[in-house]
Every structure is written in C-alpha cells, then in structure tokens.
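The file protein.cif contains mmCIF, C-alpha atoms (C1' of nucleotides) and all ligand atoms:
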```cif
data_coords
loop_
_atom_site.group_PDB
_atom_site.id
_atom_site.type_symbol
_atom_site.label_atom_id
_atom_site.label_comp_id
_atom_site.auth_asym_id
_atom_site.auth_seq_id
_atom_site.Cartn_x
_atom_site.Cartn_y
_atom_site.Cartn_z
ATOM 1 C CA MET I 1 -29.807 8.086 -9.677
ATOM 2 C CA LYS I 2 -26.368 9.662 -10.031
ATOM 3 C CA ARG I 3 -26.173 13.455 -9.843
ATOM 4 C CA ASN I 4 -23.774 15.841 -11.470
ATOM 5 C CA THR I 5 -21.795 18.111 -9.208
ATOM 6 C CA TRP I 6 -19.044 20.615 -9.919
ATOM 7 C CA GLN I 7 -16.815 18.605 -7.587
ATOM 8 C CA ARG I 8 -16.996 15.520 -9.751
ATOM 9 C CA GLU I 9 -16.315 17.592 -12.832
ATOM 10 C CA ALA I 10 -13.411 19.336 -11.114
ATOM 11 C CA VAL I 11 -11.798 16.002 -10.346
ATOM 12 C CA ARG I 12 -12.279 14.837 -13.918
ATOM 13 C CA GLU I 13 -10.670 17.993 -15.273
ATOM 14 C CA ALA I 14 -7.819 17.933 -12.787
ATOM 15 C CA LEU I 15 -7.100 14.350 -13.786
ATOM 16 C CA ASP I 16 -7.038 15.317 -17.444
ATOM 17 C CA THR I 17 -4.748 18.241 -16.696
ATOM 18 C CA SER I 18 -2.398 16.158 -14.615
ATOM 19 C CA GLY I 19 -1.311 14.028 -17.550
ATOM 20 C CA GLY I 20 0.461 11.373 -15.515
ATOM 21 C CA PHE I 21 -0.607 9.099 -12.718
ATOM 22 C CA ILE I 22 -1.389 10.933 -9.513
ATOM 23 C CA SER I 23 -2.576 10.064 -6.017
ATOM 24 C CA ALA I 24 -5.810 11.195 -4.414
ATOM 25 C CA GLN I 25 -3.824 13.325 -2.007
ATOM 26 C CA GLY I 26 -1.841 14.792 -4.872
ATOM 27 C CA LEU I 27 -4.946 15.656 -6.838
ATOM 28 C CA HIS I 28 -6.501 17.237 -3.787
ATOM 29 C CA SER I 29 -3.400 19.374 -3.295
ATOM 30 C CA ALA I 30 -3.416 20.373 -6.937
ATOM 31 C CA LEU I 31 -7.077 21.334 -6.762
ATOM 32 C CA HIS I 32 -6.527 23.366 -3.618
ATOM 33 C CA ALA I 33 -3.521 25.052 -5.177
ATOM 34 C CA GLY I 34 -5.851 26.027 -8.015
ATOM 35 C CA GLY I 35 -8.247 27.627 -5.563
ATOM 36 C CA SER I 36 -10.811 24.845 -5.344
ATOM 37 C CA PRO I 37 -12.297 24.240 -1.874
ATOM 38 C CA ILE I 38 -13.159 20.623 -2.664
ATOM 39 C CA GLY I 39 -12.926 18.205 0.253
ATOM 40 C CA LEU I 40 -10.434 15.380 0.451
ATOM 41 C CA ALA I 41 -13.039 12.685 1.007
ATOM 42 C CA THR I 42 -14.852 13.871 -2.069
ATOM 43 C CA VAL I 43 -11.722 13.510 -4.162
ATOM 44 C CA TYR I 44 -11.312 9.949 -2.927
ATOM 45 C CA ARG I 45 -14.929 9.168 -3.758
ATOM 46 C CA ALA I 46 -14.802 10.785 -7.187
ATOM 47 C CA LEU I 47 -11.637 8.921 -8.140
ATOM 48 C CA SER I 48 -13.069 5.660 -6.946
ATOM 49 C CA ASP I 49 -16.200 6.257 -9.006
ATOM 50 C CA LEU I 50 -14.241 7.236 -12.100
ATOM 51 C CA ALA I 51 -12.186 4.076 -11.778
ATOM 52 C CA ASP I 52 -15.319 1.955 -11.402
ATOM 53 C CA GLN I 53 -16.891 3.517 -14.462
ATOM 54 C CA GLY I 54 -13.739 2.892 -16.454
ATOM 55 C CA GLU I 55 -13.121 6.594 -16.954
ATOM 56 C CA ALA I 56 -9.868 6.384 -15.038
ATOM 57 C CA ASP I 57 -7.135 3.796 -14.734
ATOM 58 C CA SER I 58 -5.681 3.014 -11.358
ATOM 59 C CA LEU I 59 -2.608 1.193 -10.173
ATOM 60 C CA GLN I 60 -0.546 0.724 -7.044
ATOM 61 C CA SER I 61 2.658 2.724 -6.838
ATOM 62 C CA PRO I 62 5.717 0.722 -5.780
ATOM 63 C CA ASP I 63 5.219 2.025 -2.254
ATOM 64 C CA GLY I 64 1.573 1.055 -2.048
ATOM 65 C CA GLU I 65 -0.254 4.254 -2.911
ATOM 66 C CA SER I 66 -3.207 4.167 -5.277
ATOM 67 C CA LEU I 67 -2.553 6.279 -8.346
ATOM 68 C CA TYR I 68 -5.094 7.366 -10.940
ATOM 69 C CA ARG I 69 -5.001 8.620 -14.492
ATOM 70 C CA ALA I 70 -7.450 9.584 -17.213
ATOM 71 C CA CYS I 71 -6.325 7.390 -20.075
ATOM 72 C CA THR I 72 -7.153 8.073 -23.703
ATOM 73 C CA THR I 73 -6.947 4.468 -24.818
ATOM 74 C CA THR I 74 -10.361 2.952 -24.373
ATOM 75 C CA GLY I 75 -9.523 -0.718 -24.231
ATOM 76 C CA HIS I 76 -7.235 -2.731 -22.000
ATOM 77 C CA HIS I 77 -3.657 -1.500 -21.977
ATOM 78 C CA HIS I 78 -0.585 -1.035 -19.819
ATOM 79 C CA HIS I 79 1.715 1.795 -18.801
ATOM 80 C CA LEU I 80 5.262 3.013 -18.987
ATOM 81 C CA ILE I 81 5.641 5.467 -16.131
ATOM 82 C CA CYS I 82 8.388 7.911 -15.194
ATOM 83 C CA ARG I 83 9.032 7.422 -11.515
ATOM 84 C CA ASN I 84 10.375 10.938 -11.277
ATOM 85 C CA CYS I 85 7.911 13.188 -13.118
ATOM 86 C CA GLY I 86 4.965 10.832 -13.574
ATOM 87 C CA LEU I 87 4.967 11.079 -17.383
ATOM 88 C CA THR I 88 2.992 8.129 -18.651
ATOM 89 C CA VAL I 89 2.902 6.327 -21.987
ATOM 90 C CA GLU I 90 0.029 3.993 -22.740
ATOM 91 C CA ILE I 91 1.184 0.690 -24.135
ATOM 92 C CA GLY I 92 -0.625 -2.037 -25.955
ATOM 93 C CA ALA I 93 0.986 -5.387 -25.227
ATOM 94 C CA ASP I 94 -0.582 -8.186 -27.186
ATOM 95 C CA GLU I 95 2.306 -10.530 -26.513
ATOM 96 C CA VAL I 96 1.963 -9.946 -22.784
ATOM 97 C CA GLU I 97 -1.772 -10.569 -22.938
ATOM 98 C CA ALA I 98 -1.133 -13.869 -24.683
ATOM 99 C CA TRP I 99 1.591 -14.779 -22.229
ATOM 100 C CA ALA I 100 -0.572 -14.039 -19.196
ATOM 101 C CA LYS I 101 -3.446 -16.071 -20.558
ATOM 102 C CA ARG I 102 -1.145 -18.949 -21.413
ATOM 103 C CA VAL I 103 0.666 -19.245 -18.071
ATOM 104 C CA ALA I 104 -2.604 -19.009 -16.146
ATOM 105 C CA GLY I 105 -4.080 -21.769 -18.272
ATOM 106 C CA GLU I 106 -1.021 -23.974 -18.069
ATOM 107 C CA HIS I 107 -1.316 -23.993 -14.290
ATOM 108 C CA GLY I 108 -5.071 -24.423 -14.072
ATOM 109 C CA PHE I 109 -5.756 -20.904 -12.874
ATOM 110 C CA THR I 110 -9.072 -19.266 -13.724
ATOM 111 C CA GLU I 111 -10.347 -15.690 -13.553
ATOM 112 C CA ALA I 112 -6.823 -14.491 -14.125
ATOM 113 C CA ALA I 113 -6.026 -10.806 -14.099
ATOM 114 C CA HIS I 114 -2.595 -9.324 -14.510
ATOM 115 C CA VAL I 115 -0.620 -6.368 -13.259
ATOM 116 C CA VAL I 116 1.925 -5.221 -15.810
ATOM 117 C CA ASP I 117 3.632 -1.851 -15.429
ATOM 118 C CA VAL I 118 7.031 -0.529 -16.381
ATOM 119 C CA PHE I 119 8.608 2.155 -14.199
ATOM 120 C CA GLY I 120 11.661 4.078 -15.313
ATOM 121 C CA LEU I 121 13.079 7.514 -15.980
ATOM 122 C CA CYS I 122 11.725 9.274 -19.052
ATOM 123 C CA ALA I 123 14.134 10.749 -21.578
ATOM 124 C CA THR I 124 13.868 14.207 -20.049
ATOM 125 C CA CYS I 125 14.411 13.064 -16.493
ATOM 126 C CA SER I 126 17.231 10.769 -17.616
ATOM 127 C CA ALA I 127 19.004 13.749 -19.167
ATOM 128 C CA THR I 128 18.482 15.916 -16.102
ATOM 129 C CA ALA I 129 19.663 13.226 -13.742
ATOM 130 C CA ARG I 130 23.186 13.061 -15.143
ATOM 131 C CA MET B 1 28.014 -6.047 12.192
ATOM 132 C CA LYS B 2 24.828 -8.077 11.768
ATOM 133 C CA ARG B 3 23.828 -10.403 14.588
ATOM 134 C CA ASN B 4 21.883 -13.644 14.496
ATOM 135 C CA THR B 5 18.746 -13.823 16.586
ATOM 136 C CA TRP B 6 16.126 -16.500 16.968
ATOM 137 C CA GLN B 7 13.578 -13.905 15.834
ATOM 138 C CA ARG B 8 15.160 -13.525 12.461
ATOM 139 C CA GLU B 9 15.392 -17.275 12.076
ATOM 140 C CA ALA B 10 11.783 -17.683 13.127
ATOM 141 C CA VAL B 11 10.655 -15.295 10.421
ATOM 142 C CA ARG B 12 12.717 -17.086 7.821
ATOM 143 C CA GLU B 13 11.222 -20.426 8.801
ATOM 144 C CA ALA B 14 7.691 -19.094 8.949
ATOM 145 C CA LEU B 15 8.122 -17.670 5.475
ATOM 146 C CA ASP B 16 9.350 -21.016 4.189
ATOM 147 C CA THR B 17 6.441 -22.781 5.835
ATOM 148 C CA SER B 18 3.892 -20.350 4.473
ATOM 149 C CA GLY B 19 4.475 -21.344 0.882
ATOM 150 C CA GLY B 20 2.581 -18.465 -0.686
ATOM 151 C CA PHE B 21 2.848 -14.727 -0.437
ATOM 152 C CA ILE B 22 1.928 -13.400 2.985
ATOM 153 C CA SER B 23 1.785 -10.032 4.689
ATOM 154 C CA ALA B 24 3.829 -8.952 7.692
ATOM 155 C CA GLN B 25 0.669 -8.915 9.773
ATOM 156 C CA GLY B 26 -0.245 -12.364 8.522
ATOM 157 C CA LEU B 27 3.165 -13.783 9.337
ATOM 158 C CA HIS B 28 3.047 -12.232 12.774
ATOM 159 C CA SER B 29 -0.329 -13.837 13.404
ATOM 160 C CA ALA B 30 0.950 -17.177 12.170
ATOM 161 C CA LEU B 31 3.975 -16.959 14.444
ATOM 162 C CA HIS B 32 1.842 -16.046 17.437
ATOM 163 C CA ALA B 33 -0.532 -18.870 16.645
ATOM 164 C CA GLY B 34 2.495 -21.138 16.765
ATOM 165 C CA GLY B 35 3.366 -19.866 20.209
ATOM 166 C CA SER B 36 6.103 -17.436 19.310
ATOM 167 C CA PRO B 37 6.143 -14.192 21.285
ATOM 168 C CA ILE B 38 7.925 -12.283 18.545
ATOM 169 C CA GLY B 39 7.002 -8.617 18.239
ATOM 170 C CA LEU B 40 5.229 -7.132 15.248
ATOM 171 C CA ALA B 41 7.861 -4.481 14.602
ATOM 172 C CA THR B 42 10.493 -7.194 14.533
ATOM 173 C CA VAL B 43 8.578 -9.116 11.884
ATOM 174 C CA TYR B 44 8.402 -5.975 9.759
ATOM 175 C CA ARG B 45 12.134 -5.402 10.168
ATOM 176 C CA ALA B 46 13.064 -9.011 9.457
ATOM 177 C CA LEU B 47 10.958 -9.132 6.300
ATOM 178 C CA SER B 48 12.405 -5.864 5.101
ATOM 179 C CA ASP B 49 15.916 -7.192 5.676
ATOM 180 C CA LEU B 50 15.206 -10.482 3.936
ATOM 181 C CA ALA B 51 13.837 -8.595 0.964
ATOM 182 C CA ASP B 52 16.889 -6.346 0.843
ATOM 183 C CA GLN B 53 19.218 -9.337 0.953
ATOM 184 C CA GLY B 54 17.293 -11.005 -1.841
ATOM 185 C CA GLU B 55 16.230 -13.876 0.394
ATOM 186 C CA ALA B 56 12.597 -12.938 -0.016
ATOM 187 C CA ASP B 57 10.518 -11.566 -2.861
ATOM 188 C CA SER B 58 8.030 -8.831 -2.174
ATOM 189 C CA LEU B 59 5.145 -7.357 -4.092
ATOM 190 C CA GLN B 60 2.140 -5.138 -3.556
ATOM 191 C CA SER B 61 -1.191 -6.868 -3.250
ATOM 192 C CA PRO B 62 -3.989 -5.374 -5.364
ATOM 193 C CA ASP B 63 -5.178 -3.505 -2.287
ATOM 194 C CA GLY B 64 -1.830 -2.032 -1.438
ATOM 195 C CA GLU B 65 -0.429 -4.403 1.175
ATOM 196 C CA SER B 66 3.180 -5.551 0.984
ATOM 197 C CA LEU B 67 3.405 -9.313 0.627
ATOM 198 C CA TYR B 68 6.498 -11.456 1.038
ATOM 199 C CA ARG B 69 7.594 -14.906 -0.010
ATOM 200 C CA ALA B 70 10.678 -17.071 0.204
ATOM 201 C CA CYS B 71 11.227 -17.999 -3.412
ATOM 202 C CA THR B 72 13.255 -20.953 -4.584
ATOM 203 C CA THR B 73 14.200 -19.487 -7.940
ATOM 204 C CA THR B 74 17.366 -17.505 -7.475
ATOM 205 C CA GLY B 75 17.251 -15.163 -10.443
ATOM 206 C CA HIS B 76 14.688 -12.648 -11.605
ATOM 207 C CA HIS B 77 11.247 -14.129 -12.122
ATOM 208 C CA HIS B 78 7.540 -13.427 -11.822
ATOM 209 C CA HIS B 79 4.532 -14.930 -10.088
ATOM 210 C CA LEU B 80 1.194 -16.539 -10.671
ATOM 211 C CA ILE B 81 -0.737 -16.074 -7.451
ATOM 212 C CA CYS B 82 -4.040 -17.460 -6.201
ATOM 213 C CA ARG B 83 -5.968 -14.539 -4.822
ATOM 214 C CA ASN B 84 -7.922 -16.867 -2.592
ATOM 215 C CA CYS B 85 -5.406 -19.216 -0.956
ATOM 216 C CA GLY B 86 -2.132 -17.495 -1.802
ATOM 217 C CA LEU B 87 -0.695 -20.465 -3.701
ATOM 218 C CA THR B 88 2.142 -19.152 -5.802
ATOM 219 C CA VAL B 89 3.862 -20.444 -8.902
ATOM 220 C CA GLU B 90 7.196 -18.950 -9.900
ATOM 221 C CA ILE B 91 7.333 -18.086 -13.567
ATOM 222 C CA GLY B 92 10.221 -17.335 -15.826
ATOM 223 C CA ALA B 93 9.133 -14.945 -18.540
ATOM 224 C CA ASP B 94 11.853 -14.253 -21.038
ATOM 225 C CA GLU B 95 9.423 -12.826 -23.544
ATOM 226 C CA VAL B 96 8.117 -10.373 -20.978
ATOM 227 C CA GLU B 97 11.627 -9.340 -20.005
ATOM 228 C CA ALA B 98 12.396 -8.636 -23.633
ATOM 229 C CA TRP B 99 9.139 -6.773 -24.093
ATOM 230 C CA ALA B 100 9.726 -4.572 -21.047
ATOM 231 C CA LYS B 101 13.220 -3.711 -22.150
ATOM 232 C CA ARG B 102 12.061 -2.969 -25.666
ATOM 233 C CA VAL B 103 9.166 -0.649 -24.809
ATOM 234 C CA ALA B 104 11.297 1.247 -22.310
ATOM 235 C CA GLY B 105 13.997 1.736 -24.917
ATOM 236 C CA GLU B 106 11.572 2.715 -27.641
ATOM 237 C CA HIS B 107 10.357 5.596 -25.508
ATOM 238 C CA GLY B 108 13.735 6.741 -24.228
ATOM 239 C CA PHE B 109 13.211 5.489 -20.696
ATOM 240 C CA THR B 110 16.224 4.420 -18.630
ATOM 241 C CA GLU B 111 16.621 2.493 -15.397
ATOM 242 C CA ALA B 112 13.436 0.638 -16.213
ATOM 243 C CA ALA B 113 12.007 -1.880 -13.789
ATOM 244 C CA HIS B 114 8.800 -3.772 -14.272
ATOM 245 C CA VAL B 115 6.005 -5.138 -12.165
ATOM 246 C CA VAL B 116 4.493 -8.242 -13.714
ATOM 247 C CA ASP B 117 2.190 -10.458 -11.701
ATOM 248 C CA VAL B 118 -0.769 -12.660 -12.567
ATOM 249 C CA PHE B 119 -3.538 -13.075 -10.007
ATOM 250 C CA GLY B 120 -6.222 -15.707 -10.380
ATOM 251 C CA LEU B 121 -7.857 -18.677 -8.761
ATOM 252 C CA CYS B 122 -5.771 -21.828 -8.602
ATOM 253 C CA ALA B 123 -7.234 -25.115 -9.826
ATOM 254 C CA THR B 124 -8.225 -26.160 -6.311
ATOM 255 C CA CYS B 125 -9.897 -22.885 -5.446
ATOM 256 C CA SER B 126 -11.570 -22.778 -8.861
ATOM 257 C CA ALA B 127 -13.105 -26.182 -8.184
ATOM 258 C CA THR B 128 -14.243 -25.196 -4.694
ATOM 259 C CA ALA B 129 -15.729 -21.929 -5.877
ATOM 260 C CA ARG B 130 -18.318 -23.523 -8.117
ATOM 261 C "C1'" DA F 1 -40.071 26.793 -6.344
ATOM 262 C "C1'" DT F 2 -40.459 22.374 -3.349
ATOM 263 C "C1'" DG F 3 -39.301 18.102 -1.420
ATOM 264 C "C1'" DG F 4 -37.168 13.779 -1.448
ATOM 265 C "C1'" DT F 5 -32.781 11.984 -2.137
ATOM 266 C "C1'" DT F 6 -27.937 12.210 -3.148
ATOM 267 C "C1'" DT F 7 -23.675 14.292 -2.252
ATOM 268 C "C1'" DT F 8 -20.575 16.843 0.304
ATOM 269 C "C1'" DG F 9 -17.019 17.791 3.799
ATOM 270 C "C1'" DA F 10 -15.216 18.260 8.437
ATOM 271 C "C1'" DC F 11 -13.883 15.025 11.413
ATOM 272 C "C1'" DA F 12 -13.262 10.593 13.598
ATOM 273 C "C1'" DA F 13 -11.887 5.974 12.913
ATOM 274 C "C1'" DT F 14 -9.231 2.399 10.871
ATOM 275 C "C1'" DC F 15 -5.336 -0.002 9.129
ATOM 276 C "C1'" DA F 16 -0.682 -0.810 7.645
ATOM 277 C "C1'" DT F 17 3.685 0.718 8.421
ATOM 278 C "C1'" DT F 18 7.496 3.277 10.671
ATOM 279 C "C1'" DA F 19 9.810 5.763 14.493
ATOM 280 C "C1'" DT F 20 11.130 5.887 19.490
ATOM 281 C "C1'" DC F 21 13.867 4.436 23.002
ATOM 282 C "C1'" DA F 22 14.736 1.945 27.213
ATOM 283 C "C1'" DA F 23 15.682 -2.806 28.124
ATOM 284 C "C1'" DT F 24 17.711 -6.907 26.360
ATOM 285 C "C1'" DA F 25 20.743 -10.066 24.153
ATOM 286 C "C1'" DA F 26 24.911 -11.110 20.763
ATOM 287 C "C1'" DC F 27 29.329 -11.629 20.507
ATOM 288 C "C1'" DA F 28 34.253 -10.108 20.268
ATOM 289 C "C1'" DG F 29 37.945 -9.888 23.262
ATOM 290 C "C1'" DC F 30 39.866 -10.995 27.443
ATOM 291 C "C1'" DG O 1 33.125 -18.027 31.090
ATOM 292 C "C1'" DC O 2 32.787 -13.132 32.097
ATOM 293 C "C1'" DT O 3 32.300 -8.403 30.415
ATOM 294 C "C1'" DG O 4 31.596 -4.361 27.908
ATOM 295 C "C1'" DT O 5 30.099 -2.710 23.726
ATOM 296 C "C1'" DT O 6 26.585 -2.302 20.645
ATOM 297 C "C1'" DA O 7 23.024 -4.216 17.561
ATOM 298 C "C1'" DT O 8 18.414 -5.807 18.289
ATOM 299 C "C1'" DT O 9 14.069 -6.226 20.306
ATOM 300 C "C1'" DG O 10 9.339 -4.912 21.444
ATOM 301 C "C1'" DA O 11 5.786 -2.066 23.643
ATOM 302 C "C1'" DT O 12 4.005 1.882 22.260
ATOM 303 C "C1'" DA O 13 3.478 6.281 19.961
ATOM 304 C "C1'" DA O 14 3.434 8.443 15.624
ATOM 305 C "C1'" DT O 15 2.537 8.718 10.848
ATOM 306 C "C1'" DG O 16 0.090 8.584 6.575
ATOM 307 C "C1'" DA O 17 -3.256 6.891 3.461
ATOM 308 C "C1'" DT O 18 -7.838 5.588 3.160
ATOM 309 C "C1'" DT O 19 -12.603 4.883 4.756
ATOM 310 C "C1'" DG O 20 -16.727 5.668 7.821
ATOM 311 C "C1'" DT O 21 -20.034 9.024 9.941
ATOM 312 C "C1'" DC O 22 -23.666 12.127 9.666
ATOM 313 C "C1'" DA O 23 -25.669 16.697 9.672
ATOM 314 C "C1'" DA O 24 -25.838 20.295 6.324
ATOM 315 C "C1'" DA O 25 -25.946 21.598 1.546
ATOM 316 C "C1'" DA O 26 -26.844 20.780 -3.257
ATOM 317 C "C1'" DC O 27 -29.388 18.315 -7.166
ATOM 318 C "C1'" DC O 28 -33.154 17.607 -9.883
ATOM 319 C "C1'" DA O 29 -37.740 15.506 -11.081
ATOM 320 C "C1'" DT O 30 -42.143 17.177 -10.496
HETATM 321 ZN ZN ZN I 201 10.227 12.037 -16.125
HETATM 322 ZN ZN ZN I 202 -2.881 -6.606 -20.169
HETATM 323 ZN ZN ZN I 203 9.490 -15.085 -6.431
HETATM 324 ZN ZN ZN I 204 -6.028 -21.112 -4.453
#
```

This entry written out as structure tokens:
Amino acid sequence: MKRNTWQREAVREALDTSGGFISAQGLHSALHAGGSPIGLATVYRALSDLADQGEADSLQSPDGESLYRACTTTGHHHHLICRNCGLTVEIGADEVEAWAKRVAGEHGFTEAAHVVDVFGLCATCSATAR
Amino acid sequence: MKRNTWQREAVREALDTSGGFISAQGLHSALHAGGSPIGLATVYRALSDLADQGEADSLQSPDGESLYRACTTTGHHHHLICRNCGLTVEIGADEVEAWAKRVAGEHGFTEAAHVVDVFGLCATCSATAR
DNA sequence: ATGGTTTTGACAATCATTATCAATAACAGC
DNA sequence: GCTGTTATTGATAATGATTGTCAAAACCAT
C-alpha cells in the first residue's frame, strides 16, 4: 500500500507553487531554498509517481531535461511555454488531436501518441527583452 | 575555414543509410559495425554540425535522447515515427503551423517555435506485435 | 505502542553528452 | 609535390542528469 509522507506532500505543494514547468533539480533547489531538507532522489521519485498518477504533466525540454508541472486541466491538453521564465498556458487543441489521429491512420500507424508543445517568449519577457 | 574529412562524409552516408531517426551512439555503433574506426566524439560533432547546417533534422526522443535524421524534405516539416523500428514519415502540417502561430499570438508570445511529433507503431511493427 | 513494510536519503553507479589537448591531417601557397 | 599553418580528430576525463543501492527512519494497521 502507498503511504503518505511529508516529502511527497512537499513536492506536490512546491509544484503547485512553481506555476510553470520545472525540472527535478530545480524543484529540489527550490525546496532547499525554502528550508526543506528533502533528498534529491526523493524528489525524483515523487515527481515520477505524480506523473504516473496523472497528477503532474511532464515533457522534455528542448535540451533533453524532464520538466514537470501540476496542471489544472484534467483531460488531455498541450502547452504554450515561455522559454525564459517558464510561464505556461494550458491549451486545448482539438484540431491538432484530429490531425494527429488522421496522419497516423493514413500511414497505418497504431498506438499513436503525440508530442505537441509551443515554446516562445511570453508577453512580459518579450517586453523585457527589447 | 571548414575542411572536408572522410569522417564527416562517413557520418553523412551512415545517416542516409539509416533511414529513420537514430542517436549519436547508435550511429557510432553502426559505423563501427561497418568497420569504420571513427571516434564517438567525432560522430557527436558531425551530427551537431549537420543539424546546424540544416542537413539533418534532430529531435528529442521521449526518454530524452537526441535523435538525428537526414530528411529529404527541404522546408519545415514534422515526423511520424515508429517507436519500435524507427521508420519515419515526413509530414507537412499546414494546419498545425497555423494553429501554433495562432495560439502563440493569442497569448502574446513571440519568437514561438513548436515541437510536433507523432510516435506510434508502423504498419509492419503493428502486424508483428500481435 | 509494536512490528512488518514502505519510504527515505546519502552515496555510488550509469548513461548521454561535452570538454581537453596532444597528435594528426587538410589544404593554401609556394 | 612539399611545407607550414591550422582545423580536426579521438582517447580520455569531466560533467550533469537520472537511477540503483541499502541501511536507517518513518508509516500505519493491528
Ligand atoms: Zn516569460
Ligand atoms: Zn494532444
Ligand atoms: Zn525531417
Ligand atoms: Zn516500425
């Protein structure tokens, strides 16, 4: 049976607080900065569990890091992510869902999954950058 | 000035031969299997260069590895990839391009890039799997 | 409160990728 | 073709993220 520990709860809360996508290392740093003595391995395990249970979304950053986020949308969705500050907008994309299903079918592919993310600079970061 | 070496050419040819997306490690193994004594670091450098010059496409595998492929389509496009055998189909996706641009704009994002890939089992692998 | 079982965390191990740097090989100019 | 300059190579070390190990600590049903 699965047990409840303050570590797991701490990770959940830190994820909620973070707002945007964040790496395991980043979350661990944030937790430490907040005074938590949680171990790094534990953060990795908690994030992995949260992702498995569907309580967190995960994706690969452009440079191959795994990033996690506590999303509010329950169902399947995609993300618009600021590559500077991490601000994330959850996006429903029915037309993309249809497209993905169609192209997979047209080429005889089964068990198709898709990776669809948009990375850019949010309005705030765009303004700052100039 | 850039010099031409048999190593660089070997990587280009191996990429062409591969057909699907392949990792640097995988290409290095393939080259060694074919009798080439090329070094691993050189394969990494050559692939990075090819990607920079637009002669190769690159993407992150679902588990965070960088994969490369010599694509025939010159312009921007996306991929339908067999997660079992690596078979890759190049896909033009005007509707997705438009969608990505639209959602970025709607939320004030600039310099938006998108990651759009479909992973599945190709017809052959689907048949074998059952 | 107790005991069996899960979870933790310090640390080692792994794996992909990048940095080093002396030795090598391209190639421009003679 | 020979030569000197300089980009490139490759063995290896270094890095950085992630996972494995395992004894000690924490949970929780009883
Ligand atoms: Zn931003
Ligand atoms: Zn989708
Ligand atoms: Zn391509
Ligand atoms: Zn296949």

Next item on the list: Find the distance between CA of Glu97 (chain I) and CA of Val118 (chain I) and write it in Å to one decimal.
Entry: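 Distance reported for this atom pair: 14.9 Å.
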
Next item on the list: Could you list the residues chosen by the PyMOL selection byres (((chain I and resi 88) around 12) and not hetatm) in this structure as a ChimeraX atom specification?
Entry: /I:18-22,57,67-72,78-87,89-91,117-123 /B:104,107,109

Next item on the list: Find the residues near DT7 (chain F): any atom within 10 Å, counting only C-alpha atoms (C1' of nucleotides), skip ones fewer than 4 places away on the same chain, and give them as a list in words.
Entry: Lys2, Arg3, Asn4, Thr5, Gln7 and Thr42 of chain I; DA25, DA26 and DC27 of chain O

Checklist line | Distance in Å - CA of Gln60 (chain B) versus CA of Val115 (chain I) | finding: 10.2 Å

Next item on the list: With a distance cut-off of 10 Å and all atoms listed in the file, select the neighbouring residues of DT24 (chain F), excluding the residue or stretch itself and same-chain residues fewer than 6 positions from it, and output the selection as a ChimeraX atom specification.
Entry: /O:8-10

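CA of Arg45 (chain I) is found 28.7 Å from CA of Gly92 (chain I).
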
Margin query: Can you translate the PyMOL selection byres ((chain F) within 10 of (chain B)) into the concrete residues it hits in this file, as a ChimeraX atom specification?
Written below: /F:16-18,25-27

Margin query: Can you translate the PyMOL selection byres (((chain O and resi 5) around 10) and not hetatm) into the concrete residues it hits in this file, as a ChimeraX atom specification?
Written below: /F:27-28 /O:3-4,6-7

Next item on the list: Counting all atoms listed in the file, collect the residues of chain O whose closest atom lies at most 12 Å from chain I, and write them out as an MDAnalysis selection string.
Entry: chainID O and resid 16:21 26:29

Check: Once you count all atoms listed in the file, which residues end up within 7 Å of ligand ZN 202 (chain I), and could you hand them over as a ChimeraX atom specification?
Finding: /I:76-78,93,96-97,114,116

Write the residues of the selection above to a file with C-alpha atoms, as a CSV table (one decimal), in the coordinates of the input.
```csv
chain,number,residue,atom,x,y,z
I,76,HIS,CA,-7.2,-2.7,-22.0
I,77,HIS,CA,-3.7,-1.5,-22.0
I,78,HIS,CA,-0.6,-1.0,-19.8
I,93,ALA,CA,1.0,-5.4,-25.2
I,96,VAL,CA,2.0,-9.9,-22.8
I,97,GLU,CA,-1.8,-10.6,-22.9
I,114,HIS,CA,-2.6,-9.3,-14.5
I,116,VAL,CA,1.9,-5.2,-15.8
```

What are the centre and edge lengths in Å, to one decimal, of the axis-aligned box around all listed atoms of region 23-27 of chain F with 6 Å added on each side, as JSON?
```
{"center_x": 22.5, "center_y": -7.2, "center_z": 24.3, "size_x": 25.6, "size_y": 20.8, "size_z": 19.6}
```
